[in-house]
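> First the structure, which I've put down as structure tokens, then a few questions once you've had a look.
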Amino acid sequence: MLQRPRRNRKSIAIRNLVRETRLHPEQLILPLFLVDGNGIKQAIPSLPGTFRFSLDHLLIEIEESLKLGIQSFILFPVVDEPLKDKLATYAIDPTNFYLKAAEKIKDRFPEVMLCSDVAMDPYSSDGHDGLVRNGEILNDQTLPILGEMAVAQARAGFDWIGPSDMMDGRIKFIREALDFEGFSETGILSYTAKYASAFYGPFRDALDSAPKEGDKKTYQMDPANRREALIEAELDELEGADVLMVKPALHYLDVISDLKEASTLPIAAYHVSGECAMLTAACANDWLDFETAMPEALTSIHRAGADIILTYFAKDYAKLFQEGKL
Ligand code: PBG
């Protein structure tokens, strides 16, 4: 045999030399759930290890994450049912606790990258990402609502705006709204290929944001489709997105790989709540070993082509990294 691939696996030093991908904690974004109030740190039963925090506890969580080397966060609001309405008006209310919290976070930790979520669902009495009329999710009528939401978030100090709604034309609409209001430096992390996935369950438990009627299949993508993601990617790029994202991540590695090939923009992947929950559950039963299975999962997402990974395991990964266990 002239070729013996095992020679390159002979020792730790050799394996380290030939390792093709390395995921650094700086490439991770930690999702955080914010509730109004004080002194609240509430467990989410379907997503062990992740909490709903009031701002005081959230600031502590950010401080701890920074010490571990996590410097990027995406913030989601848990909104009380009485504040929800058909037009998601609370999203731009001057008293909105989510916007006020962003200001305080950026004030206290100006160095962090803080990303928002743009979609109507946390504020909508219908639980949909767009405006609902007679059971239909309206596209063009939703855009101005998203535009206003994005401007309010930029004004609050978010570094990146994260449209997760999958309405057509939203990136252009949001980009123009931001520029018109003088926020040309605010970036857009687009949920480019967001699938109508069953793996968002724990997230919807956390936010209590499940659709009241129907599903999200007329706007989120069909999990069976791969090439369609390229249409979305091309449009987002033309419309001015700064980063393209695939969601979920682990079940869509082919789509991540395709987007990486097709675009020169940075590619992000959202390792979603259900994907994290599966692993946590298996590890809690001792069916899998967390310290090896979790980094393998994240490395696979990176290997497929994601430059940036949103994951509920960001702190766990950073801790192992700091301990020299990776
Ligand atoms: C809502 C939104 C969802 C997630 C992020 N933004 C859920 C949905 O579309 O129903 C899911 C994230 C996760 O599961 O971790 N616009």
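A note on labels: chains of the structure tokens are A, B, ... as shown, every chain counts residues from 1, and ligands are counted from 1 in their shown order.
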Against ligand 1, which residues of chain A fall within 10 Å? For each one I want the closest pair of atoms and the distance in Å (one decimal), counting only C-alpha atoms and all ligand atoms, rows by chain and increasing residue number, as a Markdown table.


```
| residue | atom | partner | partner_atom_place_in_ligand_line | distance |
| --- | --- | --- | --- | --- |
| A:Pro31 | CA | ligand 1 | 15 (O) | 7.9 |
| A:Leu47 | CA | ligand 1 | 15 (O) | 9.5 |
| A:Ile74 | CA | ligand 1 | 5 (C) | 9.8 |
| A:Leu75 | CA | ligand 1 | 6 (N) | 10.0 |
| A:Phe76 | CA | ligand 1 | 6 (N) | 7.9 |
| A:Ser116 | CA | ligand 1 | 6 (N) | 9.9 |
| A:Asp117 | CA | ligand 1 | 6 (N) | 6.7 |
| A:Val118 | CA | ligand 1 | 16 (N) | 7.0 |
| A:Ala119 | CA | ligand 1 | 16 (N) | 5.1 |
| A:Met120 | CA | ligand 1 | 16 (N) | 7.2 |
| A:Asp121 | CA | ligand 1 | 16 (N) | 5.9 |
| A:Pro122 | CA | ligand 1 | 1 (C) | 7.3 |
| A:Gly127 | CA | ligand 1 | 10 (O) | 8.5 |
| A:His128 | CA | ligand 1 | 10 (O) | 7.9 |
| A:Asp129 | CA | ligand 1 | 16 (N) | 5.8 |
| A:Gly130 | CA | ligand 1 | 16 (N) | 9.4 |
| A:Gly162 | CA | ligand 1 | 6 (N) | 8.8 |
| A:Pro163 | CA | ligand 1 | 16 (N) | 7.7 |
| A:Ser164 | CA | ligand 1 | 16 (N) | 4.7 |
| A:Asp165 | CA | ligand 1 | 16 (N) | 5.3 |
| A:Met166 | CA | ligand 1 | 16 (N) | 8.5 |
| A:Tyr191 | CA | ligand 1 | 6 (N) | 8.8 |
| A:Lys194 | CA | ligand 1 | 9 (O) | 7.9 |
| A:Tyr195 | CA | ligand 1 | 9 (O) | 8.3 |
| A:Ala196 | CA | ligand 1 | 9 (O) | 7.4 |
| A:Ser197 | CA | ligand 1 | 9 (O) | 8.1 |
| A:Ala198 | CA | ligand 1 | 14 (O) | 8.8 |
| A:Phe199 | CA | ligand 1 | 14 (O) | 6.0 |
| A:Tyr200 | CA | ligand 1 | 14 (O) | 3.4 |
| A:Gly201 | CA | ligand 1 | 14 (O) | 6.3 |
| A:Pro202 | CA | ligand 1 | 14 (O) | 6.3 |
| A:Phe203 | CA | ligand 1 | 14 (O) | 4.5 |
| A:Arg204 | CA | ligand 1 | 7 (C) | 6.1 |
| A:Asp205 | CA | ligand 1 | 14 (O) | 9.5 |
| A:Ala206 | CA | ligand 1 | 14 (O) | 9.4 |
| A:Leu207 | CA | ligand 1 | 7 (C) | 8.9 |
| A:Ser209 | CA | ligand 1 | 10 (O) | 7.2 |
| A:Ala210 | CA | ligand 1 | 10 (O) | 6.5 |
| A:Pro211 | CA | ligand 1 | 10 (O) | 7.8 |
| A:Asp215 | CA | ligand 1 | 10 (O) | 9.0 |
| A:Lys216 | CA | ligand 1 | 10 (O) | 7.5 |
| A:Tyr219 | CA | ligand 1 | 9 (O) | 9.8 |
| A:Gln220 | CA | ligand 1 | 9 (O) | 7.8 |
| A:Lys247 | CA | ligand 1 | 12 (C) | 8.1 |
| A:Pro248 | CA | ligand 1 | 14 (O) | 7.7 |
| A:Tyr270 | CA | ligand 1 | 15 (O) | 7.2 |
| A:His271 | CA | ligand 1 | 15 (O) | 6.8 |
| A:Val272 | CA | ligand 1 | 15 (O) | 3.6 |
| A:Ser273 | CA | ligand 1 | 15 (O) | 3.6 |
| A:Gly274 | CA | ligand 1 | 14 (O) | 6.0 |
| A:Glu275 | CA | ligand 1 | 14 (O) | 8.1 |
| A:Cys276 | CA | ligand 1 | 15 (O) | 8.2 |
| A:Ala277 | CA | ligand 1 | 15 (O) | 9.5 |
| A:Leu310 | CA | ligand 1 | 15 (O) | 8.6 |
| A:Thr311 | CA | ligand 1 | 15 (O) | 7.9 |
| A:Tyr312 | CA | ligand 1 | 15 (O) | 7.9 |
```

> Step one, run DSSP on the backbone; step two, keep only residues of region 58-227 of chain A assigned to strand (DSSP E); then write them as a list of chain:residue names.

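In region 58-227 of chain A, DSSP puts these residues in strand (DSSP E): A:Ser72, A:Phe73, A:Ile74, A:Leu75, A:Phe76, A:Pro77, A:Val78, A:Met113, A:Leu114, A:Cys115, A:Leu131, A:Val132, A:Arg133, A:Glu136, A:Ile137, A:Leu138, A:Trp160, A:Ile161, A:Gly187, A:Ile188, A:Leu189, A:Ser190, A:Tyr191, A:Thr192, A:Ala193, A:Lys194.
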
> Just the selected residues (N, CA and C atoms), exported as a JSON list (two decimals), in the first residue's frame, please.


```json
[["chain", "number", "residue", "atom", "x", "y", "z"],
["A", 72, "SER", "N", -21.29, 37.29, 21.54],
["A", 72, "SER", "CA", -22.44, 37.61, 20.69],
["A", 72, "SER", "C", -23.70, 36.94, 21.21],
["A", 73, "PHE", "N", -24.80, 37.68, 21.13],
["A", 73, "PHE", "CA", -26.06, 37.22, 21.72],
["A", 73, "PHE", "C", -27.23, 37.58, 20.80],
["A", 74, "ILE", "N", -28.25, 36.74, 20.82],
["A", 74, "ILE", "CA", -29.50, 37.08, 20.13],
["A", 74, "ILE", "C", -30.60, 37.03, 21.17],
["A", 75, "LEU", "N", -31.40, 38.09, 21.18],
["A", 75, "LEU", "CA", -32.36, 38.29, 22.27],
["A", 75, "LEU", "C", -33.79, 38.08, 21.77],
["A", 76, "PHE", "N", -34.57, 37.30, 22.54],
["A", 76, "PHE", "CA", -35.98, 37.06, 22.21],
["A", 76, "PHE", "C", -36.85, 37.48, 23.39],
["A", 77, "PRO", "N", -37.98, 38.15, 23.12],
["A", 77, "PRO", "CA", -38.86, 38.59, 24.20],
["A", 77, "PRO", "C", -39.95, 37.58, 24.53],
["A", 78, "VAL", "N", -40.22, 37.39, 25.82],
["A", 78, "VAL", "CA", -41.37, 36.59, 26.25],
["A", 78, "VAL", "C", -42.45, 37.59, 26.64],
["A", 113, "MET", "N", -21.92, 41.92, 20.57],
["A", 113, "MET", "CA", -22.74, 42.00, 19.38],
["A", 113, "MET", "C", -24.12, 41.53, 19.82],
["A", 114, "LEU", "N", -25.10, 42.40, 19.67],
["A", 114, "LEU", "CA", -26.46, 42.07, 20.09],
["A", 114, "LEU", "C", -27.36, 42.03, 18.86],
["A", 115, "CYS", "N", -28.00, 40.88, 18.68],
["A", 115, "CYS", "CA", -28.87, 40.68, 17.51],
["A", 115, "CYS", "C", -30.32, 40.61, 17.97],
["A", 131, "LEU", "N", -49.05, 39.23, 9.41],
["A", 131, "LEU", "CA", -50.42, 39.69, 9.69],
["A", 131, "LEU", "C", -51.43, 38.65, 9.17],
["A", 132, "VAL", "N", -52.42, 38.30, 10.01],
["A", 132, "VAL", "CA", -53.39, 37.28, 9.61],
["A", 132, "VAL", "C", -54.74, 37.95, 9.30],
["A", 133, "ARG", "N", -55.27, 37.63, 8.09],
["A", 133, "ARG", "CA", -56.64, 38.07, 7.79],
["A", 133, "ARG", "C", -57.39, 36.90, 7.15],
["A", 136, "GLU", "N", -55.44, 33.89, 6.42],
["A", 136, "GLU", "CA", -54.32, 33.99, 5.47],
["A", 136, "GLU", "C", -53.22, 34.87, 6.05],
["A", 137, "ILE", "N", -51.95, 34.51, 5.79],
["A", 137, "ILE", "CA", -50.85, 35.35, 6.28],
["A", 137, "ILE", "C", -50.50, 36.32, 5.16],
["A", 138, "LEU", "N", -50.75, 37.59, 5.41],
["A", 138, "LEU", "CA", -50.57, 38.60, 4.36],
["A", 138, "LEU", "C", -49.10, 39.02, 4.27],
["A", 160, "TRP", "N", -27.24, 43.96, 15.08],
["A", 160, "TRP", "CA", -27.80, 43.26, 13.94],
["A", 160, "TRP", "C", -29.31, 43.12, 14.14],
["A", 161, "ILE", "N", -30.01, 43.22, 13.01],
["A", 161, "ILE", "CA", -31.45, 43.00, 12.99],
["A", 161, "ILE", "C", -31.64, 41.60, 12.40],
["A", 187, "GLY", "N", -26.56, 46.11, 10.87],
["A", 187, "GLY", "CA", -26.51, 44.98, 9.94],
["A", 187, "GLY", "C", -27.79, 44.15, 9.92],
["A", 188, "ILE", "N", -27.91, 43.32, 8.90],
["A", 188, "ILE", "CA", -29.07, 42.41, 8.82],
["A", 188, "ILE", "C", -28.59, 40.96, 8.72],
["A", 189, "LEU", "N", -28.93, 40.20, 9.74],
["A", 189, "LEU", "CA", -28.71, 38.75, 9.72],
["A", 189, "LEU", "C", -30.02, 38.15, 9.23],
["A", 190, "SER", "N", -30.04, 37.70, 7.99],
["A", 190, "SER", "CA", -31.30, 37.22, 7.43],
["A", 190, "SER", "C", -31.51, 35.72, 7.68],
["A", 191, "TYR", "N", -32.70, 35.38, 8.19],
["A", 191, "TYR", "CA", -33.09, 33.97, 8.22],
["A", 191, "TYR", "C", -33.45, 33.63, 6.77],
["A", 192, "THR", "N", -32.45, 33.27, 5.99],
["A", 192, "THR", "CA", -32.61, 33.10, 4.55],
["A", 192, "THR", "C", -33.41, 31.85, 4.22],
["A", 193, "ALA", "N", -32.93, 30.72, 4.73],
["A", 193, "ALA", "CA", -33.61, 29.45, 4.49],
["A", 193, "ALA", "C", -34.09, 28.93, 5.83],
["A", 194, "LYS", "N", -35.29, 29.38, 6.18],
["A", 194, "LYS", "CA", -35.89, 28.94, 7.44],
["A", 194, "LYS", "C", -37.01, 27.97, 7.10]]
```

> Considering only C-alpha atoms, state which residue in the set A:Thr95, A:Gly305, A:Val243, A:Thr280 is at the smallest distance from Leu83 (chain A).

A:Thr95

> Residues within 7 Å of Ala88 (chain A), please, as a VMD selection string. Count only C-alpha atoms; anything in the same chain fewer than 4 positions from it doesn't count.

chain A and resid 84 120 123 to 124
